[in-house]
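Below is one structure, written out as structure tokens; the observations come after it.
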Amino acid sequence: MKSTDVIVTWPDSCDYPLWRKFIRTNRELFNEVIVVFTKTNQGTDYRDFIRSAMCPDHVHFIDNYILPPGRDWRDYAVNRALMYSYNSEWIWFTEQDFSIPNVGKFFRFINDTYYILGVKVIGVKQGDRLHPCCLFIERKQLEKTRKNFGIDPGRLDHFGLIQEDLEALRSPIYTLENDFMHYNGLSHNYRLIEQGEAPNYEPEKFIDYLKQCVQVDIEKDPRFMDVITRTIAKFDVVK
């Protein structure tokens, strides 16, 4: 997947040690890794720590702090990231709560699906929605869309307009159904625990994720680890 750029948006009040470890371990698989920080107006700002911790990983960081009137925050963030994505055949839009247990197997399958089967779009579906937790799009196909990653209020969530464009283009789409884990609601639970509240979305799975964050061998911000360890001590039902 060396001809792939990675694009993620990143709330400034969150850290994702497991995802940072994934990038550290597998950095050679990708061309550009582009992170767009978004402002949450709450909690601790971890941007300086994350920039420092990921310095060895050659990540391009963007601050998406000034949102033009009328623009959707995610559409604006992703399009800013695309300004720094030039040459790769593929772009992988992903989220930090997307986990791949067997990285080698996963990306061999992605390669085979593209180069052997000729599929132009590969992603995860939740219901009928192509979910931005994991969406590979061939650059040539993306350039044919409106590149609008925002919502259509009351009708479509983020990336829904992109999906409409791809389907109108009759782009071959392959839906991934296994060999991954998606921790839904991760950023929402982070927000709750920083306020001292209990996680309320799949809490047992979230506590298990926090335990993995404690154990992973990667740089960690003491402020973030304090929140995590207090949360595990308070809400872990499996001691």
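Chain labels A, B, ... are given in the sequence in which chains occur in the structure tokens; within each chain residues are numbered consecutively from 1, and ligands are likewise numbered from 1 in the order shown.
Taking stretch 84-176 of chain A and asking which residues DSSP calls strand (DSSP E) on the backbone, you get Trp90, Ile91, Trp92, Phe93, Thr94, Phe98, Ser99, Val121, Ile122, Gly123, Val124, Lys125, Gln126, Arg129, Leu130, His131, Pro132, Cys133, Cys134, Leu135, Phe136, Ile137, Glu138, Ile173, Tyr174, Thr175 and Leu176 of chain A.
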Go ahead and save the residues from that selection, with N, CA and C atoms, as an mmCIF file, in the first residue's frame.
data_model
loop_
_atom_site.group_PDB
_atom_site.id
_atom_site.type_symbol
_atom_site.label_atom_id
_atom_site.label_comp_id
_atom_site.auth_asym_id
_atom_site.auth_seq_id
_atom_site.Cartn_x
_atom_site.Cartn_y
_atom_site.Cartn_z
ATOM 1 N N TRP A 90 -4.049 5.709 -4.136
ATOM 2 C CA TRP A 90 -5.171 5.509 -3.228
ATOM 3 C C TRP A 90 -5.130 6.521 -2.102
ATOM 4 N N ILE A 91 -6.296 6.825 -1.555
ATOM 5 C CA ILE A 91 -6.398 7.579 -0.318
ATOM 6 C C ILE A 91 -7.216 6.739 0.662
ATOM 7 N N TRP A 92 -6.663 6.584 1.866
ATOM 8 C CA TRP A 92 -7.354 5.828 2.908
ATOM 9 C C TRP A 92 -7.884 6.807 3.938
ATOM 10 N N PHE A 93 -9.195 7.027 3.915
ATOM 11 C CA PHE A 93 -9.870 7.807 4.938
ATOM 12 C C PHE A 93 -10.183 6.851 6.088
ATOM 13 N N THR A 94 -9.706 7.185 7.279
ATOM 14 C CA THR A 94 -9.909 6.265 8.394
ATOM 15 C C THR A 94 -10.112 7.048 9.677
ATOM 16 N N PHE A 98 -10.517 2.547 14.468
ATOM 17 C CA PHE A 98 -10.520 1.394 13.564
ATOM 18 C C PHE A 98 -9.259 0.582 13.834
ATOM 19 N N SER A 99 -9.428 -0.668 14.185
ATOM 20 C CA SER A 99 -8.314 -1.523 14.593
ATOM 21 C C SER A 99 -8.209 -2.736 13.674
ATOM 22 N N VAL A 121 -13.218 1.199 -5.001
ATOM 23 C CA VAL A 121 -13.596 1.679 -3.673
ATOM 24 C C VAL A 121 -13.714 0.470 -2.745
ATOM 25 N N ILE A 122 -13.061 0.550 -1.589
ATOM 26 C CA ILE A 122 -13.099 -0.535 -0.612
ATOM 27 C C ILE A 122 -13.402 0.079 0.744
ATOM 28 N N GLY A 123 -14.428 -0.423 1.439
ATOM 29 C CA GLY A 123 -14.738 0.195 2.718
ATOM 30 C C GLY A 123 -15.635 -0.651 3.589
ATOM 31 N N VAL A 124 -15.936 -0.089 4.752
ATOM 32 C CA VAL A 124 -16.810 -0.716 5.738
ATOM 33 C C VAL A 124 -18.187 -0.079 5.640
ATOM 34 N N LYS A 125 -19.219 -0.906 5.659
ATOM 35 C CA LYS A 125 -20.585 -0.398 5.654
ATOM 36 C C LYS A 125 -21.237 -0.640 7.010
ATOM 37 N N GLN A 126 -21.963 0.371 7.485
ATOM 38 C CA GLN A 126 -22.855 0.214 8.625
ATOM 39 C C GLN A 126 -24.261 0.482 8.107
ATOM 40 N N ARG A 129 -24.665 2.636 4.817
ATOM 41 C CA ARG A 129 -23.706 3.744 4.798
ATOM 42 C C ARG A 129 -22.264 3.259 4.679
ATOM 43 N N LEU A 130 -21.518 3.803 3.719
ATOM 44 C CA LEU A 130 -20.075 3.619 3.685
ATOM 45 C C LEU A 130 -19.488 4.464 4.805
ATOM 46 N N HIS A 131 -18.878 3.816 5.784
ATOM 47 C CA HIS A 131 -18.476 4.516 6.996
ATOM 48 C C HIS A 131 -17.049 5.049 6.879
ATOM 49 N N PRO A 132 -16.822 6.302 7.291
ATOM 50 C CA PRO A 132 -15.473 6.872 7.174
ATOM 51 C C PRO A 132 -14.451 6.303 8.154
ATOM 52 N N CYS A 133 -14.836 5.312 8.980
ATOM 53 C CA CYS A 133 -13.827 4.651 9.811
ATOM 54 C C CYS A 133 -12.811 3.926 8.949
ATOM 55 N N CYS A 134 -13.213 3.521 7.752
ATOM 56 C CA CYS A 134 -12.299 2.831 6.837
ATOM 57 C C CYS A 134 -12.867 2.898 5.429
ATOM 58 N N LEU A 135 -12.265 3.750 4.616
ATOM 59 C CA LEU A 135 -12.743 3.917 3.251
ATOM 60 C C LEU A 135 -11.560 4.204 2.334
ATOM 61 N N PHE A 136 -11.223 3.221 1.506
ATOM 62 C CA PHE A 136 -10.178 3.378 0.495
ATOM 63 C C PHE A 136 -10.834 3.814 -0.812
ATOM 64 N N ILE A 137 -10.335 4.890 -1.388
ATOM 65 C CA ILE A 137 -10.863 5.358 -2.671
ATOM 66 C C ILE A 137 -9.693 5.611 -3.606
ATOM 67 N N GLU A 138 -9.784 5.046 -4.805
ATOM 68 C CA GLU A 138 -8.783 5.333 -5.827
ATOM 69 C C GLU A 138 -8.833 6.825 -6.149
ATOM 70 N N ILE A 173 -17.447 -1.145 -5.899
ATOM 71 C CA ILE A 173 -17.266 -0.991 -4.455
ATOM 72 C C ILE A 173 -17.218 -2.368 -3.808
ATOM 73 N N TYR A 174 -16.180 -2.590 -2.967
ATOM 74 C CA TYR A 174 -16.103 -3.840 -2.200
ATOM 75 C C TYR A 174 -16.311 -3.500 -0.728
ATOM 76 N N THR A 175 -17.202 -4.248 -0.075
ATOM 77 C CA THR A 175 -17.503 -4.010 1.329
ATOM 78 C C THR A 175 -16.741 -4.985 2.216
ATOM 79 N N LEU A 176 -15.927 -4.467 3.133
ATOM 80 C CA LEU A 176 -15.208 -5.290 4.103
ATOM 81 C C LEU A 176 -16.168 -5.743 5.191
#
Next on the checklist: For A:Phe61, find every residue with an atom within 10 Å (counting only C-alpha atoms), except residues of its own chain fewer than 5 positions away, and show them as JSON, numbers by chain.
Outcome noted: {"A": [9, 10, 33, 34, 35, 36, 37, 47, 50, 51, 54, 81]}
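When only C-alpha atoms are used to measure the gap to A:Asn87, the shortest distance among A:Asn41, A:Gln212, A:Thr113, A:Glu32 belongs to A:Glu32.
Coordinates place atom CA of A:Asp45 at a distance of 20.5 Å from atom CA of A:Asp57.
The list of residues with at least one atom within 10 Å of A:Arg191, based on only C-alpha atoms and without residues fewer than 3 positions apart in the same chain, reads Ser13, Cys14, Thr40, Gln42, Gly43, Leu186, Ser187, His188, Glu194, Gln195, Gly196, Glu197, Ala198 and Pro199 of chain A.
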Preceding selection exported with C-alpha atoms as a PDB file, in the first residue's frame:
ATOM      1  CA  SER A  13      -8.831  16.891  23.327  1.00  0.00           C
ATOM      2  CA  CYS A  14      -8.224  13.193  22.552  1.00  0.00           C
ATOM      3  CA  THR A  40     -13.489  20.633  20.546  1.00  0.00           C
ATOM      4  CA  GLN A  42     -13.305  21.357  25.920  1.00  0.00           C
ATOM      5  CA  GLY A  43     -10.872  19.227  27.859  1.00  0.00           C
ATOM      6  CA  LEU A 186     -14.658   6.317  21.241  1.00  0.00           C
ATOM      7  CA  SER A 187     -14.341  10.108  21.161  1.00  0.00           C
ATOM      8  CA  HIS A 188     -17.734  10.525  22.852  1.00  0.00           C
ATOM      9  CA  GLU A 194     -12.454  13.470  31.109  1.00  0.00           C
ATOM     10  CA  GLN A 195     -15.413  15.053  32.913  1.00  0.00           C
ATOM     11  CA  GLY A 196     -15.347  12.212  35.464  1.00  0.00           C
ATOM     12  CA  GLU A 197     -18.488  10.606  34.087  1.00  0.00           C
ATOM     13  CA  ALA A 198     -19.049   6.968  33.155  1.00  0.00           C
ATOM     14  CA  PRO A 199     -18.623   5.886  29.514  1.00  0.00           C
TER      15      PRO A 199
END
Residues within 8 Å of stretch 15-17 of chain A, only C-alpha atoms, excluding chain neighbours under 3 positions, as a list of chain:residue names: A:Asp12, A:Arg20, A:Lys21, A:Tyr46, A:Ile50, A:Gln96, A:Cys213, A:Val216, A:Ile218, A:Glu219, A:Lys220, A:Phe224
